[in-house]
$ cat query29.txt   # compact mmCIF, C-alpha atoms and all ligand atoms
# COMPACT_ATOMS: atom_id res chain seq x y z
CA ALA A 5 -22.89 -12.64 -19.95
CA GLN A 6 -20.57 -9.67 -19.79
CA ASN A 7 -22.00 -6.21 -20.12
CA HIS A 8 -20.34 -4.52 -23.07
CA HIS A 9 -22.42 -1.37 -23.13
CA GLN A 10 -20.36 1.63 -22.35
CA ILE A 11 -21.65 4.93 -21.01
CA GLN A 12 -20.70 7.49 -23.65
CA ASN A 13 -21.03 10.89 -22.01
CA PRO A 14 -19.80 10.61 -18.44
CA PRO A 15 -20.00 13.64 -16.15
CA PRO A 16 -16.69 15.58 -15.97
CA THR A 17 -15.65 14.14 -12.61
CA ILE A 18 -15.97 10.58 -13.90
CA ALA A 19 -14.35 11.50 -17.22
CA ARG A 20 -11.32 12.84 -15.32
CA PHE A 21 -11.08 9.62 -13.33
CA GLN A 22 -11.15 7.65 -16.60
CA GLN A 23 -8.42 9.86 -18.08
CA TYR A 24 -6.14 9.27 -15.11
CA LEU A 25 -6.81 5.52 -15.28
CA ARG A 26 -5.95 5.40 -18.98
CA ILE A 27 -2.38 6.48 -18.29
CA SER A 28 -0.50 3.25 -17.71
CA THR A 29 1.63 3.64 -14.64
CA ALA A 30 1.92 -0.13 -14.27
CA HIS A 31 5.26 -1.71 -13.53
CA PRO A 32 7.74 -2.54 -14.91
CA ASP A 33 7.52 0.61 -17.06
CA PRO A 34 5.29 3.19 -15.36
CA ASP A 35 4.61 6.38 -17.33
CA TYR A 36 5.09 8.78 -14.44
CA VAL A 37 5.60 11.79 -16.68
CA SER A 38 2.18 11.53 -18.35
CA ALA A 39 0.48 10.96 -15.01
CA ILE A 40 2.13 14.01 -13.49
CA ASN A 41 1.33 16.15 -16.54
CA PHE A 42 -2.30 15.13 -16.34
CA LEU A 43 -2.57 15.89 -12.62
CA THR A 44 -0.74 19.20 -12.96
CA ASN A 45 -3.04 20.26 -15.82
CA PHE A 46 -6.09 19.42 -13.76
CA SER A 47 -4.70 21.35 -10.80
CA HIS A 48 -4.67 24.53 -12.89
CA SER A 49 -8.46 24.56 -12.56
CA ILE A 50 -8.15 24.65 -8.76
CA PRO A 51 -7.50 28.17 -7.43
CA PHE A 52 -4.69 28.71 -4.89
CA LEU A 53 -3.24 25.23 -5.33
CA GLN A 54 0.54 25.28 -5.74
CA SER A 55 2.52 22.44 -7.25
CA GLN A 56 6.11 21.27 -7.42
CA ASN A 57 7.94 18.28 -8.83
CA LEU A 58 10.55 16.66 -6.63
CA TYR A 59 13.27 14.27 -7.76
CA PHE A 60 15.11 11.92 -5.46
CA THR A 61 16.96 9.70 -7.95
CA PRO A 62 20.01 10.90 -9.94
CA GLU A 63 18.30 9.89 -13.22
CA ARG A 64 15.29 12.04 -12.29
CA ASN A 65 13.11 9.26 -13.68
CA LYS A 66 10.97 8.83 -10.58
CA PRO A 67 9.28 12.17 -10.06
CA LEU A 68 7.14 12.99 -7.07
CA LEU A 69 4.34 15.52 -7.43
CA LEU A 70 3.50 17.68 -4.43
CA PHE A 71 0.55 20.07 -4.22
CA THR A 72 0.10 22.57 -1.43
CA LEU A 73 -2.94 24.57 -0.43
CA PRO A 74 -1.69 27.22 1.98
CA GLY A 75 -3.57 27.66 5.24
CA SER A 76 -4.01 30.89 7.12
CA ASP A 77 -1.76 29.74 9.99
CA PRO A 78 1.22 27.97 8.40
CA SER A 79 2.88 27.69 11.81
CA LEU A 80 0.49 24.86 12.68
CA PRO A 81 1.45 21.29 11.73
CA SER A 82 0.14 20.49 8.26
CA ILE A 83 -1.87 17.58 6.94
CA LEU A 84 -0.64 15.35 4.15
CA LEU A 85 -2.86 13.37 1.78
CA ASN A 86 -0.77 10.71 0.07
CA SER A 87 -1.34 8.39 -2.87
CA HIS A 88 0.99 6.50 -5.18
CA LEU A 89 1.24 7.00 -8.93
CA ASP A 90 2.20 3.45 -9.84
CA SER A 91 0.20 0.25 -10.24
CA VAL A 92 0.93 -3.43 -10.39
CA PRO A 93 0.85 -4.96 -13.89
CA ALA A 94 -2.29 -6.48 -15.41
CA GLU A 95 -2.81 -9.49 -17.64
CA PRO A 96 -5.08 -8.03 -20.35
CA SER A 97 -6.17 -11.43 -21.69
CA LYS A 98 -7.73 -12.26 -18.29
CA TRP A 99 -9.79 -9.08 -18.12
CA ALA A 100 -13.32 -8.52 -19.43
CA HIS A 101 -12.27 -5.02 -20.58
CA PRO A 102 -8.76 -3.81 -21.39
CA PRO A 103 -7.15 -2.78 -18.07
CA PHE A 104 -6.15 0.69 -19.31
CA SER A 105 -9.36 1.51 -21.17
CA ALA A 106 -11.32 2.61 -18.05
CA HIS A 107 -14.44 1.00 -19.53
CA TYR A 108 -17.54 2.58 -17.99
CA SER A 109 -20.27 -0.05 -17.95
CA SER A 110 -23.97 0.81 -18.01
CA ASP A 111 -24.27 -0.31 -14.37
CA GLY A 112 -21.78 2.37 -13.34
CA LYS A 113 -18.59 0.36 -12.93
CA ILE A 114 -15.29 1.80 -14.09
CA PHE A 115 -12.89 -1.02 -14.93
CA ALA A 116 -9.16 -0.33 -14.78
CA ARG A 117 -5.94 -1.31 -13.14
CA GLY A 118 -5.56 1.25 -10.39
CA ALA A 119 -9.30 1.98 -10.02
CA GLN A 120 -9.12 0.83 -6.37
CA ASP A 121 -5.36 0.82 -5.83
CA ASP A 122 -5.05 3.71 -5.63
CA LYS A 123 -5.78 6.25 -8.39
CA CYS A 124 -9.24 6.78 -6.89
CA ILE A 125 -7.97 8.43 -3.72
CA GLY A 126 -5.38 10.62 -5.43
CA LEU A 127 -7.94 12.23 -7.68
CA GLN A 128 -10.61 12.28 -4.96
CA TYR A 129 -8.28 14.41 -2.80
CA LEU A 130 -7.99 16.95 -5.63
CA GLU A 131 -11.71 16.85 -6.48
CA ALA A 132 -12.55 17.41 -2.81
CA ILE A 133 -10.23 20.43 -2.59
CA LYS A 134 -11.73 21.78 -5.81
CA GLY A 135 -15.24 21.30 -4.44
CA LEU A 136 -14.40 22.99 -1.16
CA ILE A 137 -12.80 25.99 -2.84
CA GLU A 138 -15.70 26.40 -5.25
CA GLU A 139 -18.11 26.44 -2.29
CA LYS A 140 -16.20 29.55 -1.16
CA SER A 141 -16.83 28.93 2.55
CA PHE A 142 -13.53 27.08 2.90
CA SER A 143 -10.70 28.71 4.81
CA PRO A 144 -8.15 26.17 6.03
CA LEU A 145 -5.98 27.12 8.98
CA ARG A 146 -3.36 24.50 8.31
CA ASN A 147 -1.40 23.91 5.14
CA ILE A 148 -2.75 20.97 3.18
CA HIS A 149 -0.27 18.92 1.14
CA ILE A 150 -1.17 16.30 -1.44
CA SER A 151 1.60 13.98 -2.58
CA PHE A 152 1.67 11.65 -5.58
CA VAL A 153 4.62 9.34 -5.13
CA PRO A 154 6.31 6.76 -7.39
CA ASP A 155 7.21 3.14 -6.71
CA GLU A 156 4.95 2.21 -3.79
CA GLU A 157 4.19 -1.14 -5.38
CA ILE A 158 7.86 -2.08 -5.47
CA GLY A 159 8.59 -1.05 -1.90
CA GLY A 160 8.70 2.75 -2.06
CA PHE A 161 12.46 2.90 -1.61
CA ASP A 162 12.98 5.47 -4.41
CA GLY A 163 9.68 7.18 -3.58
CA MET A 164 8.17 7.82 -0.17
CA ALA A 165 11.20 6.43 1.68
CA LYS A 166 13.43 9.13 0.19
CA PHE A 167 10.78 11.85 0.41
CA ALA A 168 10.06 11.15 4.08
CA THR A 169 13.72 11.53 5.01
CA SER A 170 14.30 14.65 2.87
CA ASP A 171 14.73 18.28 3.91
CA GLU A 172 11.72 19.15 1.77
CA PHE A 173 9.58 16.85 3.87
CA LYS A 174 10.89 18.22 7.14
CA LYS A 175 9.95 21.73 6.04
CA LEU A 176 6.34 20.62 5.52
CA ASN A 177 5.98 20.09 9.30
CA VAL A 178 3.47 17.30 8.75
CA GLY A 179 1.28 16.54 11.75
CA PHE A 180 -1.10 13.95 10.31
CA VAL A 181 -1.22 11.77 7.19
CA LEU A 182 -3.94 9.99 5.28
CA ASP A 183 -2.72 7.22 2.97
CA GLU A 184 -4.40 4.38 1.09
CA GLY A 185 -6.56 1.71 2.70
CA GLN A 186 -8.68 -1.01 1.13
CA ALA A 187 -12.19 -1.54 -0.19
CA SER A 188 -14.90 -2.78 2.15
CA PRO A 189 -17.44 -5.36 0.95
CA GLY A 190 -19.83 -4.18 3.68
CA ASP A 191 -21.52 -0.96 4.71
CA GLU A 192 -18.71 0.43 6.86
CA TYR A 193 -15.53 2.01 5.56
CA ARG A 194 -12.38 0.21 6.60
CA VAL A 195 -9.63 2.08 8.36
CA PHE A 196 -6.08 0.98 9.13
CA TYR A 197 -3.76 2.00 11.97
CA ALA A 198 -0.75 -0.15 11.06
CA ASP A 199 0.79 -2.23 8.27
CA ARG A 200 2.52 -5.54 8.54
CA GLN A 201 6.27 -5.53 8.02
CA PRO A 202 7.51 -7.53 5.03
CA TRP A 203 10.56 -9.74 5.17
CA HIS A 204 11.97 -11.47 2.12
CA ILE A 205 13.50 -14.81 3.03
CA VAL A 206 15.70 -16.95 0.78
CA ILE A 207 16.67 -20.36 2.12
CA LYS A 208 19.47 -22.28 0.43
CA ALA A 209 20.41 -25.89 0.83
CA VAL A 210 23.49 -27.68 -0.45
CA GLY A 211 24.09 -31.39 -0.40
CA MET A 212 25.62 -34.39 -2.02
CA PRO A 213 24.78 -34.79 -5.71
CA GLY A 214 24.23 -38.23 -7.15
CA HIS A 215 22.41 -40.58 -9.45
CA GLY A 216 18.65 -40.12 -9.49
CA SER A 217 18.18 -43.73 -8.52
CA ARG A 218 20.25 -43.59 -5.32
CA MET A 219 18.79 -43.08 -1.86
CA PHE A 220 21.22 -41.23 0.40
CA ASP A 221 20.96 -38.78 3.29
CA ASN A 222 21.65 -35.02 3.15
CA GLY A 223 20.90 -34.29 -0.47
CA ALA A 224 20.19 -30.60 -1.17
CA MET A 225 16.61 -31.30 -2.19
CA GLU A 226 15.97 -33.46 0.83
CA ASN A 227 17.37 -30.78 3.13
CA LEU A 228 15.21 -28.09 1.57
CA MET A 229 12.14 -30.31 1.70
CA LYS A 230 12.70 -30.84 5.44
CA SER A 231 12.73 -27.08 5.92
CA ILE A 232 9.58 -26.70 3.91
CA GLU A 233 7.88 -29.26 6.15
CA VAL A 234 8.79 -27.31 9.28
CA ILE A 235 7.77 -24.02 7.70
CA THR A 236 4.45 -25.50 6.58
CA LYS A 237 3.70 -26.53 10.19
CA PHE A 238 4.38 -22.98 11.37
CA ARG A 239 2.23 -21.57 8.55
CA ASP A 240 -0.64 -23.93 9.36
CA ALA A 241 -0.53 -22.98 13.04
CA GLU A 242 -0.73 -19.29 12.19
CA PHE A 243 -3.44 -19.83 9.60
CA ASP A 244 -5.45 -22.02 12.03
CA LYS A 245 -5.77 -19.02 14.37
CA VAL A 246 -7.39 -17.15 11.50
CA LYS A 247 -9.60 -20.06 10.50
CA ALA A 248 -10.75 -20.51 14.11
CA GLY A 249 -11.72 -16.85 14.23
CA LEU A 250 -9.15 -16.06 16.93
CA ALA A 251 -7.29 -13.48 14.86
CA ALA A 252 -7.66 -11.49 11.68
CA ASN A 253 -5.46 -12.39 8.74
CA SER A 254 -3.34 -9.34 9.37
CA GLU A 255 -2.84 -10.12 13.07
CA VAL A 256 -0.84 -13.30 12.53
CA ILE A 257 2.53 -13.90 10.89
CA SER A 258 2.04 -14.93 7.27
CA MET A 259 4.62 -17.02 5.47
CA ASN A 260 4.09 -17.90 1.83
CA PRO A 261 6.45 -19.58 -0.63
CA VAL A 262 7.02 -17.40 -3.69
CA PHE A 263 9.69 -19.30 -5.60
CA LEU A 264 11.45 -22.65 -5.75
CA LYS A 265 14.70 -23.01 -7.62
CA ALA A 266 16.54 -26.27 -8.18
CA GLY A 267 17.36 -28.87 -10.77
CA ILE A 268 19.85 -29.25 -13.57
CA PRO A 269 18.46 -27.67 -16.76
CA SER A 270 18.39 -29.63 -19.99
CA PRO A 271 17.15 -28.58 -23.46
CA THR A 272 13.84 -30.29 -22.74
CA GLY A 273 13.37 -29.11 -19.13
CA PHE A 274 15.40 -30.71 -16.38
CA VAL A 275 17.76 -33.63 -16.21
CA MET A 276 15.63 -36.29 -14.60
CA ASN A 277 18.20 -38.73 -13.29
CA MET A 278 20.50 -36.40 -11.37
CA GLN A 279 19.96 -35.14 -7.83
CA PRO A 280 21.09 -31.48 -7.69
CA SER A 281 23.71 -30.22 -5.25
CA GLU A 282 21.90 -26.92 -4.60
CA ALA A 283 18.29 -25.97 -3.96
CA GLU A 284 16.67 -22.72 -2.98
CA ALA A 285 13.27 -21.41 -1.89
CA GLY A 286 11.98 -17.85 -1.43
CA PHE A 287 9.29 -16.74 1.01
CA ASP A 288 7.23 -13.62 1.67
CA LEU A 289 6.86 -13.24 5.42
CA ARG A 290 4.79 -10.51 7.09
CA LEU A 291 5.00 -9.56 10.74
CA PRO A 292 2.30 -7.66 12.62
CA PRO A 293 3.66 -4.56 14.37
CA THR A 294 3.85 -6.15 17.81
CA ALA A 295 5.66 -9.35 16.75
CA ASP A 296 9.06 -10.10 18.27
CA PRO A 297 11.58 -9.86 15.41
CA ASP A 298 14.45 -11.41 17.39
CA ALA A 299 12.42 -14.51 18.23
CA MET A 300 11.45 -14.75 14.57
CA ARG A 301 15.05 -14.54 13.41
CA ARG A 302 16.07 -17.25 15.89
CA ARG A 303 13.29 -19.50 14.68
CA ILE A 304 14.35 -19.01 11.07
CA THR A 305 18.05 -19.64 11.60
CA GLU A 306 17.68 -22.47 14.13
CA GLU A 307 14.61 -24.33 12.85
CA TRP A 308 14.06 -23.38 9.22
CA ALA A 309 17.61 -23.14 7.95
CA PRO A 310 19.83 -24.95 10.47
CA SER A 311 23.49 -24.82 9.59
CA TRP A 312 23.93 -28.40 10.81
CA ARG A 313 21.80 -29.37 7.80
CA ASN A 314 24.07 -27.34 5.48
CA MET A 315 21.51 -24.60 5.10
CA THR A 316 21.93 -20.85 4.86
CA VAL A 317 19.36 -18.09 4.91
CA GLU A 318 19.15 -14.49 3.79
CA ILE A 319 16.59 -12.38 5.61
CA THR A 320 15.85 -8.95 4.17
CA ALA A 321 13.60 -6.78 6.30
CA LYS A 322 11.91 -4.29 3.99
CA GLY A 323 11.75 -1.51 6.54
CA SER A 324 11.79 -1.46 10.30
CA LEU A 325 9.38 -2.66 12.97
CA ARG A 326 9.97 0.26 15.33
CA ASP A 327 9.84 4.01 14.92
CA TYR A 328 12.78 6.30 15.66
CA ARG A 329 11.85 6.28 19.34
CA GLY A 330 11.74 2.48 19.46
CA ARG A 331 7.94 2.25 19.51
CA PRO A 332 5.91 -0.11 17.32
CA LEU A 333 4.79 1.41 14.01
CA LEU A 334 1.17 2.04 14.84
CA THR A 335 -1.13 5.02 15.02
CA PHE A 336 -3.44 5.36 18.01
CA THR A 337 -7.14 5.22 17.21
CA ASN A 338 -8.48 6.48 20.52
CA ASP A 339 -8.94 9.81 22.27
CA SER A 340 -5.22 10.08 22.98
CA ASN A 341 -4.86 10.99 19.30
CA PRO A 342 -6.87 14.15 18.63
CA TRP A 343 -6.38 13.78 14.87
CA TRP A 344 -8.19 10.46 15.02
CA SER A 345 -11.18 11.94 16.82
CA VAL A 346 -11.48 14.75 14.29
CA PHE A 347 -11.11 12.34 11.37
CA LYS A 348 -13.71 9.95 12.74
CA GLN A 349 -16.18 12.72 13.49
CA ALA A 350 -15.75 14.12 9.97
CA VAL A 351 -16.46 10.76 8.31
CA THR A 352 -19.54 10.36 10.48
CA SER A 353 -20.88 13.79 9.71
CA ALA A 354 -20.55 13.02 5.98
CA GLY A 355 -22.88 10.08 6.57
CA GLY A 356 -20.16 7.43 6.62
CA LYS A 357 -19.50 4.75 9.21
CA LEU A 358 -16.06 3.48 10.15
CA GLY A 359 -15.43 -0.17 10.94
CA LYS A 360 -13.17 -1.26 13.77
CA PRO A 361 -9.64 -0.04 13.06
CA GLU A 362 -7.54 -2.80 11.52
CA ILE A 363 -3.98 -3.76 10.74
CA LEU A 364 -3.41 -3.86 6.98
CA SER A 365 -2.38 -7.29 5.68
CA SER A 366 -0.05 -5.85 3.10
CA THR A 367 2.37 -2.97 3.29
CA THR A 368 2.13 0.64 2.16
CA ASP A 369 4.14 3.85 2.20
CA ALA A 370 2.41 4.74 5.48
CA ARG A 371 5.20 2.91 7.29
CA PHE A 372 7.75 5.58 6.32
CA MET A 373 5.69 8.29 7.99
CA ARG A 374 4.90 6.18 11.05
CA GLN A 375 8.65 5.60 11.27
CA LEU A 376 8.97 9.36 11.85
CA GLY A 377 6.35 9.17 14.60
CA ILE A 378 3.73 10.93 12.47
CA PRO A 379 0.19 9.61 13.03
CA THR A 380 -0.91 8.01 9.75
CA ILE A 381 -4.24 6.42 8.89
CA GLY A 382 -4.90 4.13 5.91
CA PHE A 383 -8.25 4.98 4.40
CA SER A 384 -9.75 4.53 0.92
CA PRO A 385 -13.45 5.40 1.09
CA MET A 386 -14.88 2.42 -0.82
CA LYS A 387 -17.81 0.61 0.77
CA ASN A 388 -20.10 -2.09 -0.66
CA THR A 389 -17.20 -2.84 -2.99
CA PRO A 390 -15.44 -6.18 -3.57
CA ILE A 391 -11.73 -6.13 -2.71
CA LEU A 392 -10.03 -6.23 -6.12
CA LEU A 393 -6.61 -4.69 -5.61
CA HIS A 394 -3.98 -6.54 -7.67
CA ASP A 395 -6.82 -8.73 -9.07
CA HIS A 396 -8.25 -9.12 -12.58
CA ASN A 397 -11.19 -6.83 -13.48
CA GLU A 398 -10.40 -4.27 -10.81
CA PHE A 399 -13.27 -1.76 -10.80
CA LEU A 400 -14.92 0.97 -8.78
CA LYS A 401 -18.52 2.13 -9.04
CA ASP A 402 -19.17 5.74 -10.02
CA SER A 403 -21.49 6.28 -7.03
CA VAL A 404 -18.87 4.99 -4.60
CA TYR A 405 -16.21 7.21 -6.16
CA LEU A 406 -18.43 10.32 -5.97
CA GLU A 407 -19.48 9.60 -2.39
CA GLY A 408 -15.81 9.26 -1.48
CA ILE A 409 -15.20 12.81 -2.70
CA LYS A 410 -17.91 14.06 -0.30
CA VAL A 411 -16.30 12.14 2.56
CA TYR A 412 -12.92 13.71 1.80
CA GLU A 413 -14.48 17.18 1.62
CA SER A 414 -15.72 16.70 5.17
CA VAL A 415 -12.45 15.16 6.37
CA ILE A 416 -10.23 17.78 4.76
CA LYS A 417 -12.36 20.62 6.06
CA SER A 418 -12.27 19.31 9.63
CA LEU A 419 -8.62 18.30 9.74
CA SER A 420 -7.37 21.52 8.21
CA SER A 421 -9.34 23.80 10.47
CA PHE A 422 -9.06 22.40 13.97
CA THR A 423 -6.60 23.90 16.39
CA GLU A 424 -5.83 21.51 19.19
CA PRO A 425 -2.72 19.63 18.04
CA SER A 426 -0.65 22.80 18.08
CA SER A 427 -0.46 22.43 21.84
CA TYR A 428 -0.40 18.65 21.52
CA HIS A 429 2.76 19.05 19.46
CA ALA A 430 4.37 21.66 21.66
CA GLN A 431 4.25 19.53 24.79
C1 LIG B 501 8.53 -4.56 0.26
S1 LIG B 501 7.24 -3.43 0.50
C2 LIG B 501 6.07 -4.02 -0.63
C3 LIG B 501 4.93 -3.14 -0.77
C4 LIG B 501 3.76 -3.79 -1.43
N1 LIG B 501 2.68 -2.88 -1.46
C5 LIG B 501 1.55 -3.13 -2.10
O1 LIG B 501 1.20 -4.22 -2.52
C6 LIG B 501 3.41 -5.07 -0.70
O2 LIG B 501 3.89 -6.14 -1.12
O3 LIG B 501 2.67 -5.07 0.27
ZN ZN B 502 -1.68 0.77 -3.18
ZN ZN B 503 -1.01 -2.25 -4.56

$ encode --input "query29.txt" --output "structure tokens"
Amino acid sequence: AQNHHQIQNPPPTIARFQQYLRISTAHPDPDYVSAINFLTNFSHSIPFLQSQNLYFTPERNKPLLLFTLPGSDPSLPSILLNSHLDSVPAEPSKWAHPPFSAHYSSDGKIFARGAQDDKCIGLQYLEAIKGLIEEKSFSPLRNIHISFVPDEEIGGFDGMAKFATSDEFKKLNVGFVLDEGQASPGDEYRVFYADRQPWHIVIKAVGMPGHGSRMFDNGAMENLMKSIEVITKFRDAEFDKVKAGLAANSEVISMNPVFLKAGIPSPTGFVMNMQPSEAEAGFDLRLPPTADPDAMRRRITEEWAPSWRNMTVEITAKGSLRDYRGRPLLTFTNDSNPWWSVFKQAVTSAGGKLGKPEILSSTTDARFMRQLGIPTIGFSPMKNTPILLHDHNEFLKDSVYLEGIKVYESVIKSLSSFTEPSSYHAQ
């Protein structure tokens, strides 16, 4: 039985989280303006915090909100805390509570699209800064920037991609970035040092059309089905490594069909006795940061879409696999990266434990900062929480949310006040 009791008088911190969650920034029609107004209003209660809106599209319909808390030594590289404003859509009829109602159940769960991905972290950054300033013992050395960016869920091309390559961004002199991670069902927080790189692949087959009763070679459907067989073998081999415990999901190459398009339409569906002369399939492929992209391209063109079988393929890499120096897009999580050590220590001293650093299965805006060579860690402090991003009934528990604010207070305090990477940068 579903719990329909709702907590009526939430504490202000939870009420603010609910308010942010009630603004629908779901695609395809995200209300960025209301989200930014809400965040800006809240920021007025935080002393010293400066804000600006940035626009990178000619229509100015995809605003980016940037807060800055000035440090006492602005010559040091700054830290950036990033979250995205947008969400994926939700199917309300499949949810126990409306996805934009932020229902607060009597067992402390806040249900909403975006509760985990990733409105929690955006507001937690601000709450942490507010908490630190109210304590009065907070005096950051470095500038702290907090960005709320549009369009992450659709690739970030009009959001973080444009911001990261802008003059405004360059002026921020960012030395270290925290971006979103994922919930952890266990006791340890998860932490991510790389994303996988998405490729969109569309394979097209052409072939002889003919009567549905005739058996002949080289029909478009037959050619596409042959490709799908080969691709399925590759997919199984990759997935078997995961099933055998030899690799994590995010350490292999994933390849999943996302659309099939063929057939001759008729008023009642498809013409059933004609073999079509064209057929098409789309795939979502994800490469771990150390994969060999050239070998992958060869495999696709030679084995999956061979021209001798009248096949063509379009491969669209949604970003790059290497940074501007030609190095894989990954952030070191060892002592060679002083930011990492400070971050880890700060989580620990707030009573948190970090799991083994992982590659993220999916793809975030972090890749645009790693592309610039800026160390970037994916981290959303949610432990003992089922992974519900992009799922029905996405929720976060109040206690987890509040504990996350404490973790960020510790992390922000440590990162903004340590000195070492000035020399690290200068060398
Ligand atoms: C083409 S980049 C797509 C980014 C997207 N991010 C979150 O889900 C993803 O599919 O991983
Ligand atoms: Zn996200
Ligand atoms: Zn997402």

$ closest_residue --input "query29.txt" --among "A:Val415, A:Leu73, A:Ala370, A:Ala100" --to "ligand LIG 501 (chain B)" --atoms "all atoms listed in the file"
A:Ala370

$ residues_around --input "query29.txt" --residues "Lys174 of chain A" --least-positions-apart "4" --cutoff "12 Å" --atoms "only C-alpha atoms" --output "ChimeraX atom specification"
/A:81-82,166-170,178-179,373,376,378

$ residues_near_ligand --input "query29.txt" --ligand "ligand LIG 501 (chain B)" --cutoff "6 Å" --atoms "all atoms listed in the file" --output "PyMOL selection string"
chain A and resi 157-159+202+322+366-368

$ residues_near_ligand --input "query29.txt" --ligand "ligand ZN 502 (chain B)" --cutoff "9 Å" --atoms "all atoms listed in the file" --output "ChimeraX atom specification"
/A:87-92,118,120-123,156-157,183-186,367-369,393-394

$ atom_distance --input "query29.txt" --atom1 "atom CA of Ser141 of chain A" --atom2 "atom CA of Ser403 of chain A"
25.0 Å

$ residues_around --input "query29.txt" --residues "Asp221 of chain A" --least-positions-apart "2" --cutoff "9 Å" --atoms "only C-alpha atoms" --output "list in words"
Gly211, Met212, Met219, Gly223, Glu226 and Asn227 of chain A

$ residues_around --input "query29.txt" --residues "segment 304-313 of chain A" --least-positions-apart "3" --cutoff "9 Å" --atoms "only C-alpha atoms" --output "JSON, numbers by chain"
{"A": [207, 208, 209, 210, 211, 222, 227, 228, 230, 231, 232, 234, 235, 299, 300, 301, 316, 317, 319]}

$ atom_distance --input "query29.txt" --atom1 "atom CA of Gly355 of chain A" --atom2 "atom CA of Gly190 of chain A"
14.9 Å
